[in-house]
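Student: Here you go, entry.cif (mmCIF, C-alpha atoms):
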data_entry
#
loop_
_atom_site.group_PDB
_atom_site.id
_atom_site.type_symbol
_atom_site.label_atom_id
_atom_site.label_comp_id
_atom_site.auth_asym_id
_atom_site.auth_seq_id
_atom_site.Cartn_x
_atom_site.Cartn_y
_atom_site.Cartn_z
ATOM 1 C CA MET A 173 -52.230 76.296 -69.729
ATOM 2 C CA PRO A 174 -55.426 78.359 -70.007
ATOM 3 C CA ILE A 175 -56.595 76.157 -72.877
ATOM 4 C CA VAL A 176 -56.053 73.012 -70.809
ATOM 5 C CA GLU A 177 -57.910 74.589 -67.875
ATOM 6 C CA MET A 178 -60.865 75.612 -70.058
ATOM 7 C CA TRP A 179 -61.030 72.172 -71.693
ATOM 8 C CA LEU A 180 -60.986 70.459 -68.294
ATOM 9 C CA LEU A 181 -63.620 72.807 -66.851
ATOM 10 C CA ILE A 182 -65.886 72.230 -69.864
ATOM 11 C CA THR A 183 -65.377 68.452 -69.678
ATOM 12 C CA VAL A 184 -66.136 68.317 -65.962
ATOM 13 C CA GLY A 185 -69.077 70.686 -66.474
ATOM 14 C CA GLN A 186 -70.527 68.360 -69.113
ATOM 15 C CA GLN A 187 -70.207 65.392 -66.754
ATOM 16 C CA ILE A 188 -71.545 66.878 -63.506
ATOM 17 C CA GLY A 189 -73.198 70.126 -64.634
ATOM 18 C CA ALA A 190 -72.224 73.786 -64.610
ATOM 19 C CA LEU A 191 -73.275 74.714 -61.057
ATOM 20 C CA PRO A 192 -71.577 71.719 -59.393
ATOM 21 C CA THR A 193 -68.411 72.497 -61.398
ATOM 22 C CA ILE A 194 -68.428 76.102 -60.190
ATOM 23 C CA GLY A 195 -69.084 74.865 -56.645
ATOM 24 C CA LEU A 196 -66.185 72.427 -56.909
ATOM 25 C CA VAL A 197 -63.836 75.188 -58.104
ATOM 26 C CA LEU A 198 -64.932 77.423 -55.206
ATOM 27 C CA LEU A 199 -64.616 74.548 -52.720
ATOM 28 C CA THR A 200 -61.061 73.750 -53.807
ATOM 29 C CA ALA A 201 -60.163 77.442 -53.473
ATOM 30 C CA VAL A 202 -61.600 77.699 -49.936
ATOM 31 C CA VAL A 203 -60.031 74.441 -48.735
ATOM 32 C CA GLY A 204 -56.726 75.305 -50.406
ATOM 33 C CA LEU A 205 -56.576 78.753 -48.849
ATOM 34 C CA SER A 206 -57.307 77.408 -45.364
ATOM 35 C CA LEU A 207 -54.526 74.839 -45.768
ATOM 36 C CA LEU A 208 -52.279 77.575 -47.157
ATOM 37 C CA ARG A 209 -52.957 79.712 -44.098
ATOM 38 C CA GLN A 210 -52.087 76.829 -41.770
ATOM 39 C CA GLN A 211 -48.866 75.989 -43.645
ATOM 40 C CA GLY A 212 -47.932 79.656 -43.908
ATOM 41 C CA PHE A 213 -48.230 80.213 -40.166
ATOM 42 C CA ALA A 214 -46.216 77.048 -39.467
ATOM 43 C CA THR A 215 -43.470 78.288 -41.786
ATOM 44 C CA LEU A 216 -43.605 81.740 -40.201
ATOM 45 C CA PHE A 217 -43.243 80.276 -36.690
ATOM 46 C CA ARG A 218 -40.270 78.142 -37.794
ATOM 47 C CA ALA A 219 -38.633 81.214 -39.315
ATOM 48 C CA ARG A 220 -39.264 83.209 -36.155
ATOM 49 C CA SER A 221 -37.732 80.505 -33.948
ATOM 50 C CA LYS A 222 -34.650 80.386 -36.185
ATOM 51 C CA LEU A 223 -34.321 84.164 -35.970
ATOM 52 C CA ASP A 224 -34.626 83.966 -32.185
ATOM 53 C CA ALA A 225 -31.855 81.364 -32.173
ATOM 54 C CA GLY A 226 -29.661 83.707 -34.207
ATOM 55 C CA GLU A 227 -29.882 81.705 -37.423
ATOM 56 C CA LEU A 228 -30.919 82.863 -40.864
ATOM 57 C CA PRO A 229 -34.234 81.313 -41.975
ATOM 58 C CA ALA A 230 -33.174 80.793 -45.589
ATOM 59 C CA LEU A 231 -35.118 77.568 -46.129
ATOM 60 C CA GLU A 232 -38.212 79.039 -44.524
ATOM 61 C CA VAL A 233 -38.021 82.056 -46.832
ATOM 62 C CA ALA A 234 -37.795 79.724 -49.840
ATOM 63 C CA GLU A 235 -40.747 77.705 -48.527
ATOM 64 C CA GLY A 236 -42.683 80.939 -48.029
ATOM 65 C CA LEU A 237 -42.055 81.876 -51.639
ATOM 66 C CA ILE A 238 -43.321 78.495 -52.813
ATOM 67 C CA LEU A 239 -46.379 78.883 -50.572
ATOM 68 C CA ALA A 240 -47.110 82.292 -52.094
ATOM 69 C CA ILE A 241 -46.952 80.816 -55.592
ATOM 70 C CA CYS A 242 -49.204 77.942 -54.500
ATOM 71 C CA GLY A 243 -51.674 80.436 -53.049
ATOM 72 C CA ALA A 244 -51.852 82.250 -56.367
ATOM 73 C CA LEU A 245 -52.397 78.942 -58.149
ATOM 74 C CA LEU A 246 -55.179 77.989 -55.735
ATOM 75 C CA LEU A 247 -56.957 81.287 -56.340
ATOM 76 C CA THR A 248 -56.769 80.803 -60.103
ATOM 77 C CA PRO A 249 -59.928 79.024 -61.263
ATOM 78 C CA GLY A 250 -59.167 75.610 -62.663
ATOM 79 C CA PHE A 251 -58.388 72.073 -61.700
ATOM 80 C CA VAL A 252 -54.839 71.798 -63.029
ATOM 81 C CA THR A 253 -53.710 74.886 -61.120
ATOM 82 C CA ASP A 254 -55.469 73.559 -58.011
ATOM 83 C CA VAL A 255 -53.624 70.244 -58.249
ATOM 84 C CA ILE A 256 -50.282 72.040 -58.578
ATOM 85 C CA GLY A 257 -51.208 74.410 -55.742
ATOM 86 C CA PHE A 258 -52.261 71.558 -53.458
ATOM 87 C CA ALA A 259 -49.048 69.663 -54.266
ATOM 88 C CA GLY A 260 -47.029 72.638 -53.023
ATOM 89 C CA LEU A 261 -48.914 72.547 -49.727
ATOM 90 C CA ILE A 262 -47.568 69.088 -48.938
ATOM 91 C CA PRO A 263 -44.463 69.690 -46.785
ATOM 92 C CA LEU A 264 -42.486 66.813 -48.318
ATOM 93 C CA VAL A 265 -43.138 68.037 -51.864
ATOM 94 C CA ARG A 266 -42.334 71.611 -50.860
ATOM 95 C CA ARG A 267 -39.013 70.597 -49.286
ATOM 96 C CA GLN A 268 -38.130 68.627 -52.404
ATOM 97 C CA LEU A 269 -38.826 71.727 -54.486
ATOM 98 C CA VAL A 270 -36.684 73.850 -52.197
ATOM 99 C CA SER A 271 -33.815 71.380 -52.318
ATOM 100 C CA ARG A 272 -33.959 71.156 -56.119
ATOM 101 C CA LEU A 273 -34.314 74.872 -56.722
ATOM 102 C CA ALA A 274 -31.991 76.124 -54.027
ATOM 103 C CA VAL A 275 -28.454 77.037 -54.836
ATOM 104 C CA LYS A 276 -25.998 75.867 -52.223
ATOM 105 C CA MET A 277 -26.182 78.547 -49.597
ATOM 106 C CA ASP A 278 -23.330 79.130 -47.238
ATOM 107 C CA VAL A 279 -24.579 81.504 -44.595
ATOM 108 C CA VAL A 280 -23.204 82.419 -41.231
ATOM 109 C CA SER A 281 -25.664 83.142 -38.504
ATOM 110 C CA TYR A 282 -25.496 86.245 -36.394
ATOM 111 C CA ALA A 283 -24.858 84.094 -33.319
ATOM 112 C CA GLU A 284 -21.790 82.482 -34.899
ATOM 113 C CA TYR A 285 -20.468 85.917 -35.787
ATOM 114 C CA GLN A 286 -21.029 87.118 -32.221
ATOM 115 C CA VAL A 287 -19.021 84.274 -30.661
ATOM 116 C CA GLY A 288 -16.021 85.174 -32.774
ATOM 117 C CA ARG A 289 -16.086 82.673 -35.579
ATOM 118 C CA PRO A 290 -15.025 84.387 -38.780
ATOM 119 C CA PRO A 291 -17.559 84.456 -41.587
ATOM 120 C CA HIS A 292 -16.938 82.472 -44.739
ATOM 121 C CA GLN A 293 -14.695 84.490 -47.031
ATOM 122 C CA GLY A 294 -15.374 82.726 -50.319
ATOM 123 C CA PRO A 295 -13.697 79.951 -52.288
ATOM 124 C CA ASP A 296 -10.215 81.473 -51.990
ATOM 125 C CA SER A 297 -10.285 81.451 -48.189
ATOM 126 C CA GLU A 298 -9.335 77.763 -48.037
ATOM 127 C CA LYS A 299 -6.256 78.516 -50.174
ATOM 128 C CA GLY A 300 -5.034 81.222 -47.822
ATOM 129 C CA GLN A 301 -5.458 84.024 -50.357
ATOM 130 C CA VAL A 302 -7.872 86.184 -48.384
ATOM 131 C CA PHE A 303 -6.453 88.925 -46.207
ATOM 132 C CA ASP A 304 -8.213 90.823 -43.478
ATOM 133 C CA GLY A 305 -6.870 94.189 -42.451
ATOM 134 C CA GLU A 306 -7.538 97.826 -41.704
ATOM 135 C CA TYR A 307 -6.407 100.970 -43.419
ATOM 136 C CA TRP A 308 -6.461 104.558 -42.327
ATOM 137 C CA GLN A 309 -4.854 107.695 -43.628
ATOM 138 C CA ASP A 310 -3.599 110.577 -41.570
ATOM 139 C CA LYS A 311 -5.005 113.821 -42.917
ATOM 140 C CA ASP A 312 -1.994 115.784 -41.709
ATOM 141 C CA GLU A 313 0.625 113.972 -43.799
ATOM 142 C CA ASP A 314 2.809 117.108 -43.872
ATOM 143 C CA ARG A 315 3.411 116.832 -40.123
ATOM 144 C CA LEU A 316 4.935 113.346 -40.396
ATOM 145 C CA PRO A 317 8.750 113.211 -40.050
ATOM 146 C CA LYS A 318 10.648 112.572 -43.243
#
When written as C-alpha cells, how does the structure in this file appear?
Tutor:
Amino acid sequence: MPIVEMWLLITVGQQIGALPTIGLVLLTAVVGLSLLRQQGFATLFRARSKLDAGELPALEVAEGLILAICGALLLTPGFVTDVIGFAGLIPLVRRQLVSRLAVKMDVVSYAEYQVGRPPHQGPDSEKGQVFDGEYWQDKDEDRLPK
C-alpha cells in the first residue's frame, strides 16, 4: 500500500506540480475530517437516542468503529487512503460494510428486560433444554431434622 501511495503521489506531482499535490493532500484531509466530524456526531446522536429508548446501539457502535478507521485513513497522506476513507463516510457504503462484517447479533434491550420478557437463552432455549432456577444452601445443616 505505501508503494502504491508513493507512486500515485509522484505521478500526480509530476502532472500538477509538487506544491499543488501537497495542497490537494491537505485539502482532502481537511474536507474529510469535517465530514467525519459531521457523520460522527450524527452516529453519536442516533446511539444516544437508542440508549434513551432502552435499546442497545450495536449498529451505531459498529458504524463508529468504521468511522474511526476512516478518520485514520483520511489523516494518512495519500490518495488511495483518502478514497477509501471518503467511501466509508458515505452512509450507504458504511451500512453495507456493517451488514457484511457484522455477525448476527441477538440482543435484548434493557427496556424489554424491564417489562418482563425473558432474555434470549441461546440456541437450546427453543428446544426446551434451558432451565432457570435458584439455589441456596443453609449454613446450619446440622440443625436440619433427619
Student: Tell me which of A:Leu181, A:Val270, A:Ala190, A:Leu198 sits closest to Ala230 (chain A), counting only C-alpha atoms.
Tutor: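 Closest candidate: A:Val270.
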Student: So that I can see what lies close to region 232-244 of chain A, please list as a PyMOL selection string the residues with an atom at most 12 Å from it, counting only C-alpha atoms and leaving out residues fewer than 5 positions away in the same chain.
Tutor: chain A and resi 200-223+227+249-250+252-275+277
Student: Restricting the calculation to only C-alpha atoms: of A:Gly226, A:Glu306, A:Met173, A:Phe251, which residue gets closest to Gly185 (chain A)?
Tutor: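 Looking at the shortest contact to Gly185 (chain A), the residue is A:Phe251.
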Student: Hey, could you pull the box centre and edge lengths for region 185-195 of chain A, axis-aligned, 6 Å padding per side, all listed atoms, to one decimal in Å, as JSON?
Tutor:
{"center_x": -70.8, "center_y": 70.7, "center_z": -62.9, "size_x": 16.9, "size_y": 22.7, "size_z": 24.5}
Student: So how far away is CA of Leu245 (chain A) from CA of Pro229 (chain A), in Å?
Tutor: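 Answer for the CA of Pro229 (chain A) to CA of Leu245 (chain A) separation: 24.4 Å.
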